[in-house]
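What follows is a single structure, written as structure tokens, with notes after it.
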Amino acid sequence: MNNLFIKRRTRIVALLCLVLGISSCQDFLEVEPRDQVSDGTLWSSTANADLFLHDVYAGVPTMDSGDPWENYSDNSLNGQAGRTSAILYGASIYTPSNAPNRWALYVQIRKANLFIAKVTASALPDAWKKQRLGEARFLRAYYYSLLWVSHGGVPIITDVLNQSTQGDAIFRPRNTSEETYKFIADECAASAEDLPVTAEAGRATKGAALTLKAWTELFNASPLKNATNDKAKWAVAAATYKKVMDLKAYSLFPDYNTLFFEENNNNVEVIFDRQHLGGTALANYRESYLGPRFVYGTLTGFGHVDPTQDIVDEYAMANGLPITAPGSGYDPQNPYVNREKRFYQSIVYDGSTWLGDLMIMKQGVGSLNATDLNNSSVSTKTGYYLRKGMNTKYASVNNNLNGANFILFRYAEVLLGYAEAQNEAVGADESVYSAVNLVRARSELPPLTPGMTPAQMRVAIHRERRVELAFEDKRLPDLMRLKLAEKVLNGTVHAMKIDMVGGKPVYTVIPAAGGAKVFFPEKNYVLPIPQSAIDKNSKLTQNPNY
């Protein structure tokens, strides 16, 4: 959480230690579950109850710096061999016993349920209760949205379960995907009514609840959940995104390069984020784990996100044209010249600099950063390192001083979500152009060509969304909802090999080492229900073909 959350948490822990007569704060922190703290103490004041709610917030995920979800997509590979994204997920050999999953979020859901029950029954001030209950319902809906996107329909539990008193009655069957979606959307709508437009940094707001609702509706309107292409579903998503826009609470932050930096935490574009605090256990380690490996011959980062040639090819030219378009000016033997601004703000490539050092990915010239052709974890597997969101002042191994928040929802995504939904619902009207062109204008790209068909606009929006939101853990759910995974996650992702021939560089696109991917559409659009959960709860049914 932010500094205010940390200071408040420290004060409240100290207070509770005194009230409970516990010999040390460490003893208090080891009490599990937290609902064993006496009701008379925990729910007696807003400050004490806030401690519990902060623990519900603590489950909001940040980027996994060891192996981000982006590596599960076609946007990047982990520079370290042997990671789950490649050896299990990429090869599609995972099982219910070892697959990545979101099931642990039920711990946070139970905490949210307990908070809702206790605060509703408390004598705490009504105005405080209204806002905090809205926050708890939003968080619960957010956790359910992650479960739904990952696993499909899941058990919807809104009461507080206790096996010691309820026995096997705590075990519930799965709700359908449609029931789970409706629960999330309804909870978001209800919490939006009770949440303020602006709030203390890190807390849920009306905009956060509406944006989550819109994203859930967009997912539900997409081909994975909308096989008949019911345009009414797209219209629902567009309308909710429009509500966020109409709040007039957000705008695009002027500088895409520093949008994600610590000094710009909670800026005008941020709708909801996971708070971090440098120098503590809540630090953000992305520069250390995701950044370029060797600078001036010294290991400076671990390269856990190596952008693929596939995403590099999506960045337009400075004139706004895709590299494949006639008249774009793209030269495959001079590929990094005259590209759009976001390319230079997002990608470390051969001939660019990092921390003042010239980055060389060429073969045969003695560079430690030469493209790794053998999946040996020595350097970039793709010929690229990540620059986006990387603050150079924290770029060193195991640096824990960065307090940059991890943005979960921001206004650019709202604009692009609205444009996509509105285009699918009614076509490429003026509002669609306006939304997309706002995002493009920040990166000094010209407006889209007028007169596009809905199909042409769809291609443009999908490209814009992929580039704008690259490396923010958005690509994999997009591949799922759009049913593109069976196409782009079957085969291989690509790298750039650069050889020196006659004193000149020769650029060749090749399959990336460790970049082979397999996707089975009959099962892989959802992750399996963990076998450990099924072993405990016989009422759970497994997803098909697992």
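Following the order of the structure tokens, first chain is A, next is B, and so on, with residues numbered from 1 inside each chain and ligands from 1 in the order they appear.
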Find the residues around His304 (chain A) up to 9 Å (only C-alpha atoms counted), leave out those fewer than 3 positions away in its own chain, and share them as a ChimeraX atom specification. /A:65-68,71,76-80,289-292,301,380,385-386
Just the selected residues (N, CA, C and O atoms), exported as a short mmCIF file (atom, residue, chain, number, x, y, z; two decimals), in the first residue's frame, please.
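File written: part-v3.cif
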```
data_model
loop_
_atom_site.label_atom_id
_atom_site.label_comp_id
_atom_site.auth_asym_id
_atom_site.auth_seq_id
_atom_site.Cartn_x
_atom_site.Cartn_y
_atom_site.Cartn_z
N SER A 65 7.48 -10.71 -10.81
CA SER A 65 8.75 -10.35 -11.44
C SER A 65 9.59 -11.57 -11.80
O SER A 65 10.52 -11.47 -12.60
N GLY A 66 9.27 -12.72 -11.23
CA GLY A 66 10.00 -13.93 -11.60
C GLY A 66 9.57 -14.49 -12.93
O GLY A 66 10.39 -15.05 -13.68
N ASP A 67 8.27 -14.34 -13.26
CA ASP A 67 7.75 -14.88 -14.53
C ASP A 67 6.39 -14.24 -14.82
O ASP A 67 5.35 -14.85 -14.60
N PRO A 68 6.38 -13.01 -15.29
CA PRO A 68 5.12 -12.30 -15.50
C PRO A 68 4.20 -13.02 -16.48
O PRO A 68 4.65 -13.77 -17.36
N ASN A 71 4.77 -13.32 -20.25
CA ASN A 71 5.57 -14.39 -20.84
C ASN A 71 4.73 -15.58 -21.27
O ASN A 71 5.22 -16.43 -22.04
N SER A 76 6.35 -11.85 -25.06
CA SER A 76 7.67 -11.93 -24.45
C SER A 76 8.00 -13.35 -24.03
O SER A 76 7.12 -14.21 -23.92
N LEU A 77 9.28 -13.57 -23.79
CA LEU A 77 9.79 -14.82 -23.22
C LEU A 77 10.59 -14.49 -21.97
O LEU A 77 11.17 -13.41 -21.87
N ASN A 78 10.66 -15.44 -21.07
CA ASN A 78 11.52 -15.28 -19.92
C ASN A 78 12.96 -15.59 -20.33
O ASN A 78 13.23 -16.64 -20.91
N GLY A 79 13.88 -14.68 -20.06
CA GLY A 79 15.27 -14.90 -20.41
C GLY A 79 15.91 -16.03 -19.63
O GLY A 79 16.98 -16.50 -19.99
N GLN A 80 15.25 -16.45 -18.55
CA GLN A 80 15.73 -17.55 -17.74
C GLN A 80 15.02 -18.83 -18.17
O GLN A 80 13.79 -18.90 -18.15
N TYR A 289 14.62 -7.52 -11.84
CA TYR A 289 14.27 -8.81 -12.39
C TYR A 289 13.89 -8.78 -13.88
O TYR A 289 14.10 -9.76 -14.59
N LEU A 290 13.36 -7.67 -14.34
CA LEU A 290 12.88 -7.62 -15.72
C LEU A 290 13.86 -6.92 -16.65
O LEU A 290 13.75 -7.05 -17.87
N GLY A 291 14.80 -6.18 -16.12
CA GLY A 291 15.62 -5.31 -16.94
C GLY A 291 16.74 -6.01 -17.69
O GLY A 291 17.01 -7.20 -17.50
N PRO A 292 17.44 -5.26 -18.57
CA PRO A 292 18.57 -5.80 -19.35
C PRO A 292 19.63 -6.43 -18.46
O PRO A 292 19.89 -5.96 -17.34
N GLY A 301 20.67 -6.82 -14.45
CA GLY A 301 19.29 -7.28 -14.36
C GLY A 301 19.23 -8.73 -14.79
O GLY A 301 20.21 -9.29 -15.30
N THR A 380 19.53 -12.14 -23.67
CA THR A 380 18.20 -12.09 -24.27
C THR A 380 17.99 -13.22 -25.27
O THR A 380 18.86 -13.50 -26.10
N TYR A 385 15.48 -6.41 -24.93
CA TYR A 385 15.17 -6.34 -23.50
C TYR A 385 14.03 -5.34 -23.30
O TYR A 385 13.70 -4.56 -24.19
N LEU A 386 13.46 -5.36 -22.10
CA LEU A 386 12.35 -4.48 -21.77
C LEU A 386 12.85 -3.12 -21.29
O LEU A 386 13.76 -3.05 -20.46
#
```
Kindly assemble as a tab-separated table a list of the region 35-76 of chain A residues that lie within 8 Å of region 120-138 of chain A, each paired with its nearest atom pair and their distance in Å to one decimal, using only C-alpha atoms, sorted first by chain and then by ascending residue number.
```
residue	atom	partner	partner_atom	distance
A:Trp43	CA	A:Ser122	CA	6.7
A:Ser44	CA	A:Leu124	CA	7.3
A:Ser45	CA	A:Leu124	CA	6.7
A:Thr46	CA	A:Leu124	CA	6.8
A:Leu53	CA	A:Ala136	CA	7.2
A:Val56	CA	A:Ala136	CA	7.6
```
Restrict the selected residues to all heavy atoms and save them as a PDB file, in the first residue's frame.
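Result file selection07.pdb:
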```pdb
ATOM      1  N   TRP A  43     -13.842  -4.655  15.604  1.00  0.00           N
ATOM      2  CA  TRP A  43     -14.922  -3.907  14.948  1.00  0.00           C
ATOM      3  C   TRP A  43     -15.433  -2.762  15.808  1.00  0.00           C
ATOM      4  O   TRP A  43     -16.533  -2.257  15.604  1.00  0.00           O
ATOM      5  CB  TRP A  43     -16.064  -4.871  14.587  1.00  0.00           C
ATOM      6  CG  TRP A  43     -15.559  -6.110  13.917  1.00  0.00           C
ATOM      7  CD1 TRP A  43     -15.540  -7.361  14.431  1.00  0.00           C
ATOM      8  CD2 TRP A  43     -14.954  -6.206  12.624  1.00  0.00           C
ATOM      9  NE1 TRP A  43     -14.965  -8.243  13.540  1.00  0.00           N
ATOM     10  CE2 TRP A  43     -14.595  -7.560  12.416  1.00  0.00           C
ATOM     11  CE3 TRP A  43     -14.678  -5.279  11.611  1.00  0.00           C
ATOM     12  CZ2 TRP A  43     -13.986  -8.022  11.257  1.00  0.00           C
ATOM     13  CZ3 TRP A  43     -14.060  -5.732  10.442  1.00  0.00           C
ATOM     14  CH2 TRP A  43     -13.720  -7.080  10.276  1.00  0.00           C
ATOM     15  N   SER A  44     -14.610  -2.351  16.761  1.00  0.00           N
ATOM     16  CA  SER A  44     -15.042  -1.302  17.677  1.00  0.00           C
ATOM     17  C   SER A  44     -14.731   0.099  17.170  1.00  0.00           C
ATOM     18  O   SER A  44     -15.273   1.083  17.686  1.00  0.00           O
ATOM     19  CB  SER A  44     -14.377  -1.492  19.043  1.00  0.00           C
ATOM     20  OG  SER A  44     -12.961  -1.363  18.918  1.00  0.00           O
ATOM     21  N   SER A  45     -13.835   0.210  16.193  1.00  0.00           N
ATOM     22  CA  SER A  45     -13.497   1.525  15.662  1.00  0.00           C
ATOM     23  C   SER A  45     -13.182   1.400  14.183  1.00  0.00           C
ATOM     24  O   SER A  45     -12.819   0.318  13.691  1.00  0.00           O
ATOM     25  CB  SER A  45     -12.280   2.111  16.388  1.00  0.00           C
ATOM     26  OG  SER A  45     -11.093   1.429  16.021  1.00  0.00           O
ATOM     27  N   THR A  46     -13.312   2.509  13.478  1.00  0.00           N
ATOM     28  CA  THR A  46     -13.002   2.502  12.042  1.00  0.00           C
ATOM     29  C   THR A  46     -11.523   2.216  11.806  1.00  0.00           C
ATOM     30  O   THR A  46     -11.164   1.549  10.826  1.00  0.00           O
ATOM     31  CB  THR A  46     -13.388   3.841  11.396  1.00  0.00           C
ATOM     32  OG1 THR A  46     -12.687   4.905  12.057  1.00  0.00           O
ATOM     33  CG2 THR A  46     -14.885   4.086  11.501  1.00  0.00           C
ATOM     34  N   LEU A  53      -9.466  -4.510   6.547  1.00  0.00           N
ATOM     35  CA  LEU A  53      -9.715  -4.250   5.128  1.00  0.00           C
ATOM     36  C   LEU A  53      -8.407  -4.126   4.360  1.00  0.00           C
ATOM     37  O   LEU A  53      -8.310  -4.554   3.210  1.00  0.00           O
ATOM     38  CB  LEU A  53     -10.559  -2.985   4.966  1.00  0.00           C
ATOM     39  CG  LEU A  53     -10.970  -2.646   3.514  1.00  0.00           C
ATOM     40  CD1 LEU A  53     -11.757  -3.792   2.885  1.00  0.00           C
ATOM     41  CD2 LEU A  53     -11.783  -1.365   3.473  1.00  0.00           C
ATOM     42  N   VAL A  56      -7.434  -7.319   3.196  1.00  0.00           N
ATOM     43  CA  VAL A  56      -8.169  -7.738   2.001  1.00  0.00           C
ATOM     44  C   VAL A  56      -7.526  -7.132   0.753  1.00  0.00           C
ATOM     45  O   VAL A  56      -7.369  -7.794  -0.269  1.00  0.00           O
ATOM     46  CB  VAL A  56      -9.655  -7.334   2.104  1.00  0.00           C
ATOM     47  CG1 VAL A  56     -10.431  -7.836   0.881  1.00  0.00           C
ATOM     48  CG2 VAL A  56     -10.286  -7.894   3.379  1.00  0.00           C
TER      49      VAL A  56
END
```
Please build the interface table for region 431-480 of chain A against region 517-524 of chain A with a cut-off of 12 Å, listing for each qualifying residue the nearest atom pair and the distance in Å to one decimal; count only C-alpha atoms, order rows by chain and increasing number, and write it as CSV.
```
residue,atom,partner,partner_atom,distance
A:Leu476,CA,A:Asn524,CA,11.9
A:Leu479,CA,A:Asn524,CA,11.4
A:Met480,CA,A:Asn524,CA,9.0
```
Among region 297-534 of chain A, which ones does DSSP place in strand (DSSP E or B), written as a count of residues only? 44
If we count only C-alpha atoms, what is near region 533-535 of chain A at a cut-off of 12 Å, once residues fewer than 3 positions away on the same chain are taken out, given as a ChimeraX atom specification? /A:96-97,101-104,106,154-155,171-174,528-530,538-543
Quick one: residues within 7 Å of region 345-348 of chain A, only C-alpha atoms counted, chain neighbours fewer than 2 positions away excluded, as a PyMOL selection string? chain A and resi 257+341-343+352+384-388
Atoms to include: all heavy atoms. Write the selected residues as a tab-separated table (two decimals), in the first residue's frame.
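See again06.tsv below for the written result:
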```tsv
chain	number	residue	atom	x	y	z
A	257	ASN	N	6.43	7.59	-21.27
A	257	ASN	CA	7.69	7.02	-20.78
A	257	ASN	C	7.74	6.96	-19.26
A	257	ASN	O	8.17	5.97	-18.67
A	257	ASN	CB	8.87	7.85	-21.30
A	257	ASN	CG	10.21	7.24	-20.93
A	257	ASN	OD1	10.43	6.05	-21.11
A	257	ASN	ND2	11.10	8.05	-20.41
A	341	LYS	N	6.94	6.37	-31.41
A	341	LYS	CA	7.57	6.78	-30.15
A	341	LYS	C	7.51	5.70	-29.09
A	341	LYS	O	8.47	5.49	-28.32
A	341	LYS	CB	6.88	8.06	-29.65
A	341	LYS	CG	7.61	8.80	-28.56
A	341	LYS	CD	6.90	10.13	-28.28
A	341	LYS	CE	7.62	10.92	-27.19
A	341	LYS	NZ	6.93	12.20	-26.92
A	342	ARG	N	6.41	4.96	-29.02
A	342	ARG	CA	6.28	3.94	-27.98
A	342	ARG	C	7.30	2.81	-28.13
A	342	ARG	O	7.66	2.16	-27.15
A	342	ARG	CB	4.85	3.37	-27.96
A	342	ARG	CG	3.83	4.30	-27.37
A	342	ARG	CD	2.42	3.76	-27.49
A	342	ARG	NE	2.02	3.59	-28.88
A	342	ARG	CZ	0.77	3.35	-29.28
A	342	ARG	NH1	-0.20	3.25	-28.38
A	342	ARG	NH2	0.48	3.21	-30.56
A	343	PHE	N	7.75	2.58	-29.36
A	343	PHE	CA	8.79	1.57	-29.56
A	343	PHE	C	10.05	1.95	-28.80
A	343	PHE	O	10.63	1.14	-28.06
A	343	PHE	CB	9.09	1.41	-31.05
A	343	PHE	CG	10.30	0.56	-31.33
A	343	PHE	CD1	10.25	-0.81	-31.19
A	343	PHE	CD2	11.50	1.14	-31.71
A	343	PHE	CE1	11.38	-1.60	-31.43
A	343	PHE	CE2	12.63	0.37	-31.96
A	343	PHE	CZ	12.57	-1.00	-31.81
A	352	SER	N	20.71	0.64	-29.26
A	352	SER	CA	20.16	1.60	-28.28
A	352	SER	C	21.07	1.62	-27.06
A	352	SER	O	22.02	0.83	-26.95
A	352	SER	CB	18.74	1.22	-27.90
A	352	SER	OG	18.70	-0.03	-27.23
A	384	TYR	N	16.06	-8.57	-27.73
A	384	TYR	CA	15.49	-7.37	-27.13
A	384	TYR	C	15.40	-7.53	-25.61
A	384	TYR	O	15.25	-8.64	-25.08
A	384	TYR	CB	14.08	-7.11	-27.68
A	384	TYR	CG	14.01	-7.03	-29.18
A	384	TYR	CD1	13.58	-8.12	-29.94
A	384	TYR	CD2	14.41	-5.87	-29.84
A	384	TYR	CE1	13.53	-8.05	-31.32
A	384	TYR	CE2	14.36	-5.79	-31.24
A	384	TYR	CZ	13.93	-6.89	-31.97
A	384	TYR	OH	13.90	-6.82	-33.33
A	385	TYR	N	15.48	-6.41	-24.93
A	385	TYR	CA	15.17	-6.34	-23.50
A	385	TYR	C	14.03	-5.34	-23.30
A	385	TYR	O	13.70	-4.56	-24.19
A	385	TYR	CB	16.39	-5.87	-22.70
A	385	TYR	CG	17.52	-6.85	-22.60
A	385	TYR	CD1	18.79	-6.51	-23.07
A	385	TYR	CD2	17.36	-8.09	-21.98
A	385	TYR	CE1	19.87	-7.39	-22.95
A	385	TYR	CE2	18.42	-8.97	-21.86
A	385	TYR	CZ	19.67	-8.62	-22.35
A	385	TYR	OH	20.72	-9.49	-22.22
A	386	LEU	N	13.46	-5.36	-22.10
A	386	LEU	CA	12.35	-4.48	-21.77
A	386	LEU	C	12.85	-3.12	-21.29
A	386	LEU	O	13.76	-3.05	-20.46
A	386	LEU	CB	11.49	-5.12	-20.69
A	386	LEU	CG	10.25	-4.34	-20.23
A	386	LEU	CD1	9.26	-4.19	-21.37
A	386	LEU	CD2	9.60	-5.03	-19.04
A	387	ARG	N	12.23	-2.06	-21.81
A	387	ARG	CA	12.51	-0.71	-21.33
A	387	ARG	C	11.28	-0.10	-20.65
A	387	ARG	O	11.40	0.69	-19.71
A	387	ARG	CB	12.94	0.20	-22.50
A	387	ARG	CG	13.36	1.60	-22.07
A	387	ARG	CD	13.64	2.51	-23.27
A	387	ARG	NE	14.71	2.03	-24.10
A	387	ARG	CZ	16.00	2.30	-23.91
A	387	ARG	NH1	16.38	3.04	-22.88
A	387	ARG	NH2	16.90	1.84	-24.75
A	388	LYS	N	10.11	-0.45	-21.12
A	388	LYS	CA	8.88	0.17	-20.63
A	388	LYS	C	8.75	0.03	-19.11
A	388	LYS	O	8.86	-1.07	-18.55
A	388	LYS	CB	7.66	-0.46	-21.30
A	388	LYS	CG	6.33	0.14	-20.88
A	388	LYS	CD	5.18	-0.50	-21.63
A	388	LYS	CE	3.84	0.03	-21.16
A	388	LYS	NZ	2.71	-0.60	-21.89
```
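Taking CA of Leu408 (chain A) as the reference point, CA of Pro61 (chain A) is found at 8.9 Å.
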Separation of CA of Thr308 (chain A) and CA of Leu445 (chain A), in Å?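 Computed distance, CA of Thr308 (chain A) to CA of Leu445 (chain A), equals 22.7 Å.
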Residues of region 234-324 of chain A that have any atom at most 7 Å from an atom of region 417-423 of chain A: could you tabulate them with the shortest-distance atom pair and the distance in Å to one decimal, using only C-alpha atoms, ordered by chain and increasing number, as a Markdown table?
```
| residue | atom | partner | partner_atom | distance |
| --- | --- | --- | --- | --- |
| A:Trp234 | CA | A:Ala421 | CA | 4.9 |
| A:Ala235 | CA | A:Gln422 | CA | 6.4 |
| A:Ala237 | CA | A:Ala421 | CA | 6.1 |
| A:Ala238 | CA | A:Tyr418 | CA | 5.0 |
| A:Tyr241 | CA | A:Tyr418 | CA | 5.3 |
| A:Lys242 | CA | A:Tyr418 | CA | 6.7 |
```
Would you list the contacts of Val295 (chain A) as JSON, numbers by chain, taking every protein, DNA or RNA residue within 8 Å and counting only C-alpha atoms, but skipping same-chain residues closer than 3 positions in sequence? {"A": [292, 298, 299, 300, 354, 355, 357, 359]}
Go ahead and write the residues just picked, all heavy atoms, as a PDB file, in the first residue's frame.
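The resulting file, out_10.pdb, is shown below:
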```
ATOM      1  N   PRO A 292      17.443  -5.261 -18.572  1.00  0.00           N
ATOM      2  CA  PRO A 292      18.567  -5.799 -19.353  1.00  0.00           C
ATOM      3  C   PRO A 292      19.630  -6.426 -18.457  1.00  0.00           C
ATOM      4  O   PRO A 292      19.890  -5.962 -17.344  1.00  0.00           O
ATOM      5  CB  PRO A 292      19.110  -4.558 -20.070  1.00  0.00           C
ATOM      6  CG  PRO A 292      17.929  -3.652 -20.188  1.00  0.00           C
ATOM      7  CD  PRO A 292      17.161  -3.857 -18.921  1.00  0.00           C
ATOM      8  N   THR A 298      28.776  -5.895 -16.646  1.00  0.00           N
ATOM      9  CA  THR A 298      28.351  -6.299 -15.307  1.00  0.00           C
ATOM     10  C   THR A 298      26.884  -6.707 -15.316  1.00  0.00           C
ATOM     11  O   THR A 298      26.046  -6.042 -15.945  1.00  0.00           O
ATOM     12  CB  THR A 298      28.551  -5.140 -14.309  1.00  0.00           C
ATOM     13  OG1 THR A 298      29.939  -4.786 -14.280  1.00  0.00           O
ATOM     14  CG2 THR A 298      28.103  -5.541 -12.915  1.00  0.00           C
ATOM     15  N   LEU A 299      26.565  -7.779 -14.609  1.00  0.00           N
ATOM     16  CA  LEU A 299      25.174  -8.209 -14.493  1.00  0.00           C
ATOM     17  C   LEU A 299      24.374  -7.148 -13.742  1.00  0.00           C
ATOM     18  O   LEU A 299      24.654  -6.852 -12.582  1.00  0.00           O
ATOM     19  CB  LEU A 299      25.089  -9.547 -13.747  1.00  0.00           C
ATOM     20  CG  LEU A 299      23.681 -10.150 -13.628  1.00  0.00           C
ATOM     21  CD1 LEU A 299      23.192 -10.610 -14.994  1.00  0.00           C
ATOM     22  CD2 LEU A 299      23.676 -11.329 -12.651  1.00  0.00           C
ATOM     23  N   THR A 300      23.393  -6.586 -14.429  1.00  0.00           N
ATOM     24  CA  THR A 300      22.615  -5.478 -13.865  1.00  0.00           C
ATOM     25  C   THR A 300      21.141  -5.847 -13.682  1.00  0.00           C
ATOM     26  O   THR A 300      20.440  -5.250 -12.877  1.00  0.00           O
ATOM     27  CB  THR A 300      22.731  -4.243 -14.777  1.00  0.00           C
ATOM     28  OG1 THR A 300      24.117  -3.953 -14.966  1.00  0.00           O
ATOM     29  CG2 THR A 300      22.051  -3.033 -14.184  1.00  0.00           C
ATOM     30  N   TRP A 354      21.428   1.790 -22.674  1.00  0.00           N
ATOM     31  CA  TRP A 354      20.812   1.562 -21.364  1.00  0.00           C
ATOM     32  C   TRP A 354      21.848   1.908 -20.309  1.00  0.00           C
ATOM     33  O   TRP A 354      22.976   1.396 -20.348  1.00  0.00           O
ATOM     34  CB  TRP A 354      20.354   0.115 -21.230  1.00  0.00           C
ATOM     35  CG  TRP A 354      19.724  -0.206 -19.912  1.00  0.00           C
ATOM     36  CD1 TRP A 354      20.216  -0.984 -18.906  1.00  0.00           C
ATOM     37  CD2 TRP A 354      18.451   0.262 -19.441  1.00  0.00           C
ATOM     38  NE1 TRP A 354      19.350  -1.045 -17.847  1.00  0.00           N
ATOM     39  CE2 TRP A 354      18.256  -0.284 -18.145  1.00  0.00           C
ATOM     40  CE3 TRP A 354      17.459   1.086 -19.984  1.00  0.00           C
ATOM     41  CZ2 TRP A 354      17.103  -0.022 -17.391  1.00  0.00           C
ATOM     42  CZ3 TRP A 354      16.318   1.344 -19.224  1.00  0.00           C
ATOM     43  CH2 TRP A 354      16.152   0.786 -17.949  1.00  0.00           C
ATOM     44  N   LEU A 355      21.498   2.814 -19.422  1.00  0.00           N
ATOM     45  CA  LEU A 355      22.420   3.312 -18.405  1.00  0.00           C
ATOM     46  C   LEU A 355      23.706   3.858 -19.040  1.00  0.00           C
ATOM     47  O   LEU A 355      24.796   3.743 -18.483  1.00  0.00           O
ATOM     48  CB  LEU A 355      22.767   2.211 -17.401  1.00  0.00           C
ATOM     49  CG  LEU A 355      21.603   1.638 -16.583  1.00  0.00           C
ATOM     50  CD1 LEU A 355      22.089   0.543 -15.650  1.00  0.00           C
ATOM     51  CD2 LEU A 355      20.887   2.725 -15.803  1.00  0.00           C
ATOM     52  N   ASP A 357      25.222   2.742 -21.625  1.00  0.00           N
ATOM     53  CA  ASP A 357      26.005   1.727 -22.324  1.00  0.00           C
ATOM     54  C   ASP A 357      25.330   1.352 -23.635  1.00  0.00           C
ATOM     55  O   ASP A 357      24.102   1.197 -23.692  1.00  0.00           O
ATOM     56  CB  ASP A 357      26.149   0.486 -21.445  1.00  0.00           C
ATOM     57  CG  ASP A 357      27.148  -0.520 -21.991  1.00  0.00           C
ATOM     58  OD1 ASP A 357      28.010  -0.125 -22.820  1.00  0.00           O
ATOM     59  OD2 ASP A 357      27.079  -1.702 -21.607  1.00  0.00           O
ATOM     60  N   MET A 359      23.982  -1.030 -26.165  1.00  0.00           N
ATOM     61  CA  MET A 359      23.516  -2.412 -26.102  1.00  0.00           C
ATOM     62  C   MET A 359      23.739  -3.079 -27.455  1.00  0.00           C
ATOM     63  O   MET A 359      23.257  -2.603 -28.490  1.00  0.00           O
ATOM     64  CB  MET A 359      22.043  -2.457 -25.710  1.00  0.00           C
ATOM     65  CG  MET A 359      21.740  -1.727 -24.404  1.00  0.00           C
ATOM     66  SD  MET A 359      22.666  -2.365 -22.982  1.00  0.00           S
ATOM     67  CE  MET A 359      21.839  -3.913 -22.713  1.00  0.00           C
TER      68      MET A 359
END
```
Go through region 266-481 of chain A and collect every residue that DSSP, computed from the backbone, puts in helix (DSSP H, G or I); the answer should be as a ChimeraX atom specification. /A:286-290,309-312,341-346,392-394,411-426,430-442,454-468,475-481
Write out as a PyMOL selection string the residues lying within 12 Å of Pro477 (chain A), counting only C-alpha atoms and excluding same-chain residues fewer than 4 positions away. chain A and resi 69-70+72-74+145-151+215-216+218-220+222+224+466+469+472-473+481-485+525-527
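The spacing separating CA of Glu287 (chain A) from CA of Tyr507 (chain A) amounts to 28.0 Å.
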Contact residues around region 498-502 of chain A with only C-alpha atoms at 10 Å, ignoring same-chain residues under 6 positions, as a PyMOL selection string: chain A and resi 333+350+360-365+370-371+383+508-509
Would you please work out which residue, of A:Asn113, A:Asn229, A:Ser443, A:Thr240, is nearest to Ala425 (chain A) when using only C-alpha atoms?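 Selected residue with least distance to Ala425 (chain A): A:Asn229.
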For each of A:Met63, A:Thr165, A:Leu358, A:Glu314, take the minimum atom-to-atom distance to His462 (chain A), counting only C-alpha atoms, then give the residue where this is smallest. A:Glu314
Counting only C-alpha atoms, the residue of A:Asp186, A:Asp372, A:Glu424, A:Glu468 that sits nearest Gln456 (chain A):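 Result for the nearest residue to Gln456 (chain A): A:Glu424.
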Measuring atom to atom with only C-alpha atoms, identify which of A:Ala192, A:Val236, A:Val467, A:Ala495 is nearest to Asn375 (chain A).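 Among the listed residues, A:Ala495 lies closest to Asn375 (chain A).
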